[in-house]
file protein10.cif (mmCIF, C-alpha atoms and all ligand atoms)
data_entry
#
loop_
_atom_site.group_PDB
_atom_site.id
_atom_site.type_symbol
_atom_site.label_atom_id
_atom_site.label_comp_id
_atom_site.auth_asym_id
_atom_site.auth_seq_id
_atom_site.Cartn_x
_atom_site.Cartn_y
_atom_site.Cartn_z
ATOM 1 C CA MET A 1 -45.237 19.799 -7.838
ATOM 2 C CA ARG A 2 -46.118 16.114 -7.587
ATOM 3 C CA LYS A 3 -45.176 15.641 -11.185
ATOM 4 C CA LEU A 4 -41.769 17.147 -10.598
ATOM 5 C CA ILE A 5 -40.980 14.809 -7.716
ATOM 6 C CA LYS A 6 -42.036 11.824 -9.764
ATOM 7 C CA ARG A 7 -39.815 12.851 -12.625
ATOM 8 C CA LYS A 8 -36.821 13.290 -10.364
ATOM 9 C CA ALA A 9 -37.364 9.855 -8.863
ATOM 10 C CA SER A 10 -37.516 8.115 -12.223
ATOM 11 C CA LEU A 11 -34.388 9.931 -13.364
ATOM 12 C CA SER A 12 -32.331 8.731 -10.424
ATOM 13 C CA TYR A 13 -33.700 5.224 -10.925
ATOM 14 C CA LYS A 14 -32.406 5.326 -14.479
ATOM 15 C CA THR A 15 -29.047 6.540 -13.254
ATOM 16 C CA VAL A 16 -28.811 3.670 -10.803
ATOM 17 C CA VAL A 17 -29.624 1.107 -13.482
ATOM 18 C CA LEU A 18 -27.088 2.673 -15.804
ATOM 19 C CA LEU A 19 -24.447 2.573 -13.081
ATOM 20 C CA LEU A 20 -25.183 -1.067 -12.349
ATOM 21 C CA ILE A 21 -24.917 -2.003 -16.010
ATOM 22 C CA THR A 22 -21.514 -0.358 -16.280
ATOM 23 C CA LEU A 23 -20.146 -1.366 -12.888
ATOM 24 C CA VAL A 24 -21.211 -4.979 -12.453
ATOM 25 C CA PRO A 25 -19.118 -6.401 -15.297
ATOM 26 C CA CYS A 26 -16.122 -4.416 -13.999
ATOM 27 C CA LEU A 27 -16.562 -5.765 -10.495
ATOM 28 C CA SER A 28 -16.952 -9.369 -11.511
ATOM 29 C CA ASN A 29 -13.807 -9.184 -13.643
ATOM 30 C CA ALA A 30 -11.759 -7.551 -10.928
ATOM 31 C CA ASP A 31 -9.652 -10.387 -9.603
ATOM 32 C CA TYR A 32 -5.948 -10.767 -8.930
ATOM 33 C CA LYS A 33 -5.272 -11.415 -12.619
ATOM 34 C CA SER A 34 -6.570 -8.072 -13.807
ATOM 35 C CA PHE A 35 -5.411 -6.152 -10.731
ATOM 36 C CA LYS A 36 -3.007 -3.310 -11.475
ATOM 37 C CA PRO A 37 -1.599 -1.557 -8.424
ATOM 38 C CA THR A 38 -1.949 2.216 -8.173
ATOM 39 C CA ALA A 39 -1.060 4.705 -5.442
ATOM 40 C CA GLU A 40 -4.758 4.760 -4.447
ATOM 41 C CA LYS A 41 -5.239 0.997 -4.456
ATOM 42 C CA PRO A 42 -1.791 -0.540 -4.097
ATOM 43 C CA TYR A 43 -2.756 -4.042 -2.945
ATOM 44 C CA TYR A 44 -5.317 -6.712 -3.754
ATOM 45 C CA PHE A 45 -6.698 -8.991 -1.063
ATOM 46 C CA GLU A 46 -9.173 -11.841 -1.377
ATOM 47 C CA ASP A 47 -9.762 -15.100 0.511
ATOM 48 C CA GLY A 48 -6.814 -14.467 2.830
ATOM 49 C CA LYS A 49 -4.387 -13.950 -0.047
ATOM 50 C CA VAL A 50 -2.580 -10.900 -1.420
ATOM 51 C CA ASP A 51 -1.473 -10.184 -5.000
ATOM 52 C CA PHE A 52 2.068 -11.251 -5.833
ATOM 53 C CA GLY A 53 3.401 -7.662 -5.775
ATOM 54 C CA THR A 54 2.286 -7.155 -2.185
ATOM 55 C CA TYR A 55 3.923 -10.451 -1.261
ATOM 56 C CA ASN A 56 7.098 -9.266 -2.974
ATOM 57 C CA GLY A 57 6.817 -6.105 -0.854
ATOM 58 C CA PHE A 58 6.834 -8.286 2.258
ATOM 59 C CA ARG A 59 10.075 -9.910 1.119
ATOM 60 C CA ARG A 60 11.710 -6.591 0.232
ATOM 61 C CA TYR A 61 10.650 -5.048 3.504
ATOM 62 C CA HIS A 62 12.326 -7.861 5.365
ATOM 63 C CA ALA A 63 15.475 -7.554 3.264
ATOM 64 C CA ASP A 64 15.948 -3.785 3.582
ATOM 65 C CA CYS A 65 13.732 -2.177 6.203
ATOM 66 C CA HIS A 66 13.062 -4.589 9.028
ATOM 67 C CA VAL A 67 16.491 -4.179 10.656
ATOM 68 C CA CYS A 68 15.378 -0.736 11.806
ATOM 69 C CA HIS A 69 11.579 -0.735 11.594
ATOM 70 C CA GLY A 70 11.091 -4.134 13.212
ATOM 71 C CA PRO A 71 9.955 -7.481 11.776
ATOM 72 C CA ALA A 72 6.269 -6.679 12.241
ATOM 73 C CA GLY A 73 6.470 -3.001 11.232
ATOM 74 C CA LEU A 74 5.916 -2.082 14.853
ATOM 75 C CA GLY A 75 9.084 -0.031 15.103
ATOM 76 C CA SER A 76 12.099 -0.372 17.340
ATOM 77 C CA SER A 77 13.980 1.758 19.807
ATOM 78 C CA TYR A 78 15.650 3.304 16.771
ATOM 79 C CA ALA A 79 12.968 3.751 14.100
ATOM 80 C CA PRO A 80 9.231 4.563 14.126
ATOM 81 C CA ALA A 81 6.397 2.037 13.773
ATOM 82 C CA LEU A 82 5.488 2.070 10.095
ATOM 83 C CA MET A 83 2.192 0.349 10.954
ATOM 84 C CA GLU A 84 1.183 3.731 12.351
ATOM 85 C CA SER A 85 2.943 6.089 9.921
ATOM 86 C CA MET A 86 1.471 4.294 6.940
ATOM 87 C CA GLN A 87 -2.094 4.846 8.064
ATOM 88 C CA THR A 88 -1.785 8.431 6.893
ATOM 89 C CA MET A 89 1.295 8.573 4.687
ATOM 90 C CA ASP A 90 0.566 8.941 0.960
ATOM 91 C CA TRP A 91 2.597 7.672 -1.997
ATOM 92 C CA MET A 92 4.400 10.966 -2.724
ATOM 93 C CA ASN A 93 5.642 11.378 0.833
ATOM 94 C CA PHE A 94 6.609 7.721 1.007
ATOM 95 C CA VAL A 95 8.723 8.010 -2.158
ATOM 96 C CA ASP A 96 10.306 11.176 -0.816
ATOM 97 C CA VAL A 97 11.387 9.552 2.469
ATOM 98 C CA ILE A 98 12.710 6.410 0.793
ATOM 99 C CA VAL A 99 14.655 8.194 -1.942
ATOM 100 C CA ARG A 100 16.081 11.072 0.089
ATOM 101 C CA GLY A 101 16.080 9.596 3.585
ATOM 102 C CA ARG A 102 15.354 11.705 6.598
ATOM 103 C CA GLN A 103 17.070 12.915 9.719
ATOM 104 C CA GLY A 104 14.967 13.258 12.819
ATOM 105 C CA LEU A 105 15.367 15.807 15.593
ATOM 106 C CA ASP A 106 17.079 13.297 17.860
ATOM 107 C CA ASN A 107 19.708 12.495 15.208
ATOM 108 C CA LYS A 108 18.184 9.181 14.257
ATOM 109 C CA VAL A 109 18.682 8.727 10.549
ATOM 110 C CA MET A 110 16.593 7.081 7.870
ATOM 111 C CA PRO A 111 19.216 6.415 5.184
ATOM 112 C CA PRO A 112 18.452 7.498 1.589
ATOM 113 C CA PHE A 113 17.805 4.548 -0.730
ATOM 114 C CA ALA A 114 18.390 6.524 -3.944
ATOM 115 C CA GLY A 115 21.354 4.294 -4.796
ATOM 116 C CA ASN A 116 19.639 0.998 -4.003
ATOM 117 C CA THR A 117 18.049 -0.317 -7.208
ATOM 118 C CA ASP A 118 16.513 -3.295 -5.363
ATOM 119 C CA VAL A 119 14.497 -0.915 -3.222
ATOM 120 C CA LEU A 120 13.780 1.665 -5.953
ATOM 121 C CA ALA A 121 12.453 -0.923 -8.396
ATOM 122 C CA ASN A 122 10.184 -2.438 -5.750
ATOM 123 C CA MET A 123 8.987 0.713 -4.023
ATOM 124 C CA LEU A 124 5.308 0.309 -4.992
ATOM 125 C CA ASP A 125 5.360 -3.294 -3.740
ATOM 126 C CA ILE A 126 6.851 -2.233 -0.399
ATOM 127 C CA TYR A 127 4.247 0.551 -0.206
ATOM 128 C CA ALA A 128 1.465 -1.968 -0.940
ATOM 129 C CA TYR A 129 2.717 -4.342 1.753
ATOM 130 C CA LEU A 130 2.963 -1.587 4.368
ATOM 131 C CA LYS A 131 -0.489 -0.174 3.499
ATOM 132 C CA ALA A 132 -2.001 -3.655 3.837
ATOM 133 C CA ARG A 133 -0.277 -3.994 7.228
ATOM 134 C CA ALA A 134 -1.325 -0.520 8.389
ATOM 135 C CA GLU A 135 -4.934 -1.169 7.369
ATOM 136 C CA ASN A 136 -4.829 -4.474 9.275
ATOM 137 C CA VAL A 137 -5.655 -6.484 6.164
ATOM 138 C CA ILE A 138 -2.702 -8.801 6.793
ATOM 139 C CA GLY A 139 -0.842 -9.773 9.933
ATOM 140 C CA PRO A 140 2.852 -9.707 10.851
ATOM 141 C CA VAL A 141 3.711 -13.097 9.336
ATOM 142 C CA ARG A 142 4.412 -14.028 5.711
ATOM 143 C CA PRO A 143 1.133 -13.463 3.819
ATOM 144 C CA ALA A 144 -0.445 -16.098 1.558
ATOM 145 C CA LYS A 145 -0.327 -15.032 -2.072
ATOM 146 C CA PHE A 146 -1.898 -15.413 -5.500
ATOM 147 C CA PRO A 147 0.439 -16.639 -8.239
ATOM 148 C CA LYS A 148 2.599 -14.210 -10.162
ATOM 149 C CA ILE A 149 1.038 -12.802 -13.340
ATOM 150 C CA LYS A 150 3.335 -13.231 -16.326
ATOM 151 C CA ASN A 151 4.771 -10.143 -18.040
ATOM 152 C CA ARG A 152 4.379 -7.986 -14.984
HETATM 153 C C1 LIG B 1 19.180 2.313 9.341
HETATM 154 C C2 LIG B 1 17.835 2.209 9.855
HETATM 155 C C3 LIG B 1 16.686 2.329 8.845
HETATM 156 C C4 LIG B 1 16.458 1.542 7.726
HETATM 157 C C5 LIG B 1 17.293 0.421 7.176
HETATM 158 C C6 LIG B 1 15.187 2.022 7.177
HETATM 159 N N1 LIG B 1 14.694 3.044 7.927
HETATM 160 FE FE1 LIG B 1 12.952 4.053 7.603
HETATM 161 N N2 LIG B 1 13.384 5.316 9.149
HETATM 162 C C7 LIG B 1 14.457 5.189 10.011
HETATM 163 C C8 LIG B 1 14.399 6.252 10.997
HETATM 164 C C9 LIG B 1 15.383 6.470 12.141
HETATM 165 C C10 LIG B 1 13.263 7.026 10.683
HETATM 166 C C11 LIG B 1 12.770 8.271 11.405
HETATM 167 C C12 LIG B 1 13.493 9.501 10.894
HETATM 168 C C13 LIG B 1 12.924 10.721 11.544
HETATM 169 O O1 LIG B 1 13.063 10.820 12.771
HETATM 170 O O2 LIG B 1 12.365 11.548 10.830
HETATM 171 C C14 LIG B 1 12.638 6.401 9.520
HETATM 172 C C15 LIG B 1 11.489 6.866 8.911
HETATM 173 C C16 LIG B 1 10.823 6.197 7.899
HETATM 174 C C17 LIG B 1 9.562 6.610 7.341
HETATM 175 C C18 LIG B 1 8.775 7.827 7.759
HETATM 176 C C19 LIG B 1 7.944 7.476 8.946
HETATM 177 C C20 LIG B 1 7.187 8.638 9.510
HETATM 178 O O3 LIG B 1 6.478 8.404 10.493
HETATM 179 O O4 LIG B 1 7.314 9.754 9.026
HETATM 180 C C21 LIG B 1 9.208 5.700 6.393
HETATM 181 C C22 LIG B 1 7.949 5.682 5.525
HETATM 182 C C23 LIG B 1 10.261 4.724 6.346
HETATM 183 N N3 LIG B 1 11.227 5.051 7.273
HETATM 184 C C24 LIG B 1 10.261 3.624 5.525
HETATM 185 C C25 LIG B 1 11.351 2.766 5.374
HETATM 186 C C26 LIG B 1 11.405 1.715 4.390
HETATM 187 C C27 LIG B 1 10.300 1.361 3.394
HETATM 188 C C28 LIG B 1 12.619 1.118 4.514
HETATM 189 C C29 LIG B 1 13.204 0.004 3.662
HETATM 190 C C30 LIG B 1 13.305 0.257 2.254
HETATM 191 C C31 LIG B 1 13.327 1.792 5.600
HETATM 192 N N4 LIG B 1 12.510 2.788 6.105
HETATM 193 C C32 LIG B 1 14.580 1.463 6.059
HETATM 194 C C33 LIG B 1 15.431 4.221 9.957
HETATM 195 C C34 LIG B 1 15.573 3.266 8.957
#
call {"tool": "encode", "arguments": {"input": "protein10.cif", "output": "structure tokens"}}
result
Amino acid sequence: MRKLIKRKASLSYKTVVLLLITLVPCLSNADYKSFKPTAEKPYYFEDGKVDFGTYNGFRRYHADCHVCHGPAGLGSSYAPALMESMQTMDWMNFVDVIVRGRQGLDNKVMPPFAGNTDVLANMLDIYAYLKARAENVIGPVRPAKFPKIKNR
């Protein structure tokens, strides 16, 4: 019995070492230059700065969404506070609302953006910006940013 426990312990120790060997180089390389946004991790934040895409999302939000959803994402008398919605909304639902629009019960309308290439091409950036806002990583003002990475 004792032997068995010992063996188990040494196995998990090995696993931990193995994990460290594989993970540590990944972690130390993970900076804004190698960052690639995904639906699961759409923004990068370090030392008070966001990746350029998230910053671009801030600009796009203010060009196309803020008239209804408010300058700080806190909503208005017309449209809901995205700071709250985005805490739970996932990428697929986000895309669906933006592309097709939505009509609420009280006849307030989120217009479809299917014909707006500016919005469509920058949807992941807008998503990243709103997720960073909803998760309180950045505040309501223009965020500081890392430089743009070429060819992206
Ligand atoms: C003309 C005003 C208007 C504009 C512009 C607008 N929205 Fe909306 N949006 C609304 C309204 C109204 C709703 C709520 C519709 C409803 O009741 O279901 C909404 C809902 C949403 C929702 C769903 C929120 C939830 O809680 O389910 C998201 C996400 C959203 N908008 C994102 C955006 C983004 C991103 C942009 C800019 C690209 C944008 N909206 C531009 C009016 C607008």
call {"tool": "atom_distance", "arguments": {"input": "protein10.cif", "atom1": "CA of Gly101 in chain A", "atom2": "atom C5 of ligand LIG 1 (chain B)"}}
result
9.9 Å
call {"tool": "residues_near_ligand", "arguments": {"input": "protein10.cif", "ligand": "ligand LIG 1 (chain B)", "cutoff": "8 Å", "atoms": "all atoms listed in the file", "output": "VMD selection string"}}
result
chain A and resid 60 to 61 63 to 69 78 to 82 84 to 86 89 93 to 94 97 to 98 101 to 111 113 119 123 126 to 127 130
call {"tool": "closest_residue", "arguments": {"input": "protein10.cif", "among": "A:Ala72, A:Ile138, A:Met83, A:Ala114", "to": "Gly48 in chain A", "atoms": "only C-alpha atoms"}}
result
A:Ile138
call {"tool": "atom_distance", "arguments": {"input": "protein10.cif", "atom1": "CA of Met92 in chain A", "atom2": "CA of Tyr43 in chain A"}}
result
16.6 Å
call {"tool": "atom_distance", "arguments": {"input": "protein10.cif", "atom1": "CA of Lys148 in chain A", "atom2": "CA of Tyr55 in chain A"}}
result
9.8 Å
call {"tool": "axis_aligned_box", "arguments": {"input": "protein10.cif", "around": "range 48-61 of chain A", "padding_each_side": "8 Å", "output": "AutoDock Vina command-line options"}}
result
--center_x 2.4 --center_y -9.8 --center_z -1.2 --size_x 34.5 --size_y 25.4 --size_z 25.3
call {"tool": "closest_residue", "arguments": {"input": "protein10.cif", "among": "A:Phe35, A:Tyr13, A:Lys150, A:Val50", "to": "Ala132 in chain A", "atoms": "all atoms listed in the file"}}
result
A:Val50
call {"tool": "closest_residue", "arguments": {"input": "protein10.cif", "among": "A:Asn136, A:Thr117, A:Gln87, A:Thr15", "to": "Phe45 in chain A", "atoms": "only C-alpha atoms"}}
result
A:Asn136
call {"tool": "resolve_selection", "arguments": {"input": "protein10.cif", "expression": "the PyMOL selection byres (((chain A and resi 47) around 12) and not hetatm)", "output": "VMD selection string"}}
result
chain A and resid 31 to 32 44 to 46 48 to 51 137 to 138 143 to 146
call {"tool": "write_last_selection", "arguments": {"input": "protein10.cif", "atoms": "C-alpha atoms", "output": "PDB file, in the coordinates of the input"}}
result
ATOM      1  CA  ASP A  31      -9.652 -10.387  -9.603  1.00  0.00           C
ATOM      2  CA  TYR A  32      -5.948 -10.767  -8.930  1.00  0.00           C
ATOM      3  CA  TYR A  44      -5.317  -6.712  -3.754  1.00  0.00           C
ATOM      4  CA  PHE A  45      -6.698  -8.991  -1.063  1.00  0.00           C
ATOM      5  CA  GLU A  46      -9.173 -11.841  -1.377  1.00  0.00           C
ATOM      6  CA  GLY A  48      -6.814 -14.467   2.830  1.00  0.00           C
ATOM      7  CA  LYS A  49      -4.387 -13.950  -0.047  1.00  0.00           C
ATOM      8  CA  VAL A  50      -2.580 -10.900  -1.420  1.00  0.00           C
ATOM      9  CA  ASP A  51      -1.473 -10.184  -5.000  1.00  0.00           C
ATOM     10  CA  VAL A 137      -5.655  -6.484   6.164  1.00  0.00           C
ATOM     11  CA  ILE A 138      -2.702  -8.801   6.793  1.00  0.00           C
ATOM     12  CA  PRO A 143       1.133 -13.463   3.819  1.00  0.00           C
ATOM     13  CA  ALA A 144      -0.445 -16.098   1.558  1.00  0.00           C
ATOM     14  CA  LYS A 145      -0.327 -15.032  -2.072  1.00  0.00           C
ATOM     15  CA  PHE A 146      -1.898 -15.413  -5.500  1.00  0.00           C
TER      16      PHE A 146
END
call {"tool": "closest_residue", "arguments": {"input": "protein10.cif", "among": "A:Ala39, A:Gly70, A:Leu124, A:Pro147", "to": "Gly57 in chain A", "atoms": "all atoms listed in the file"}}
result
A:Leu124
call {"tool": "closest_residue", "arguments": {"input": "protein10.cif", "among": "A:Arg59, A:Trp91, A:Ala134, A:Pro37", "to": "Asp118 in chain A", "atoms": "all atoms listed in the file"}}
result
A:Arg59
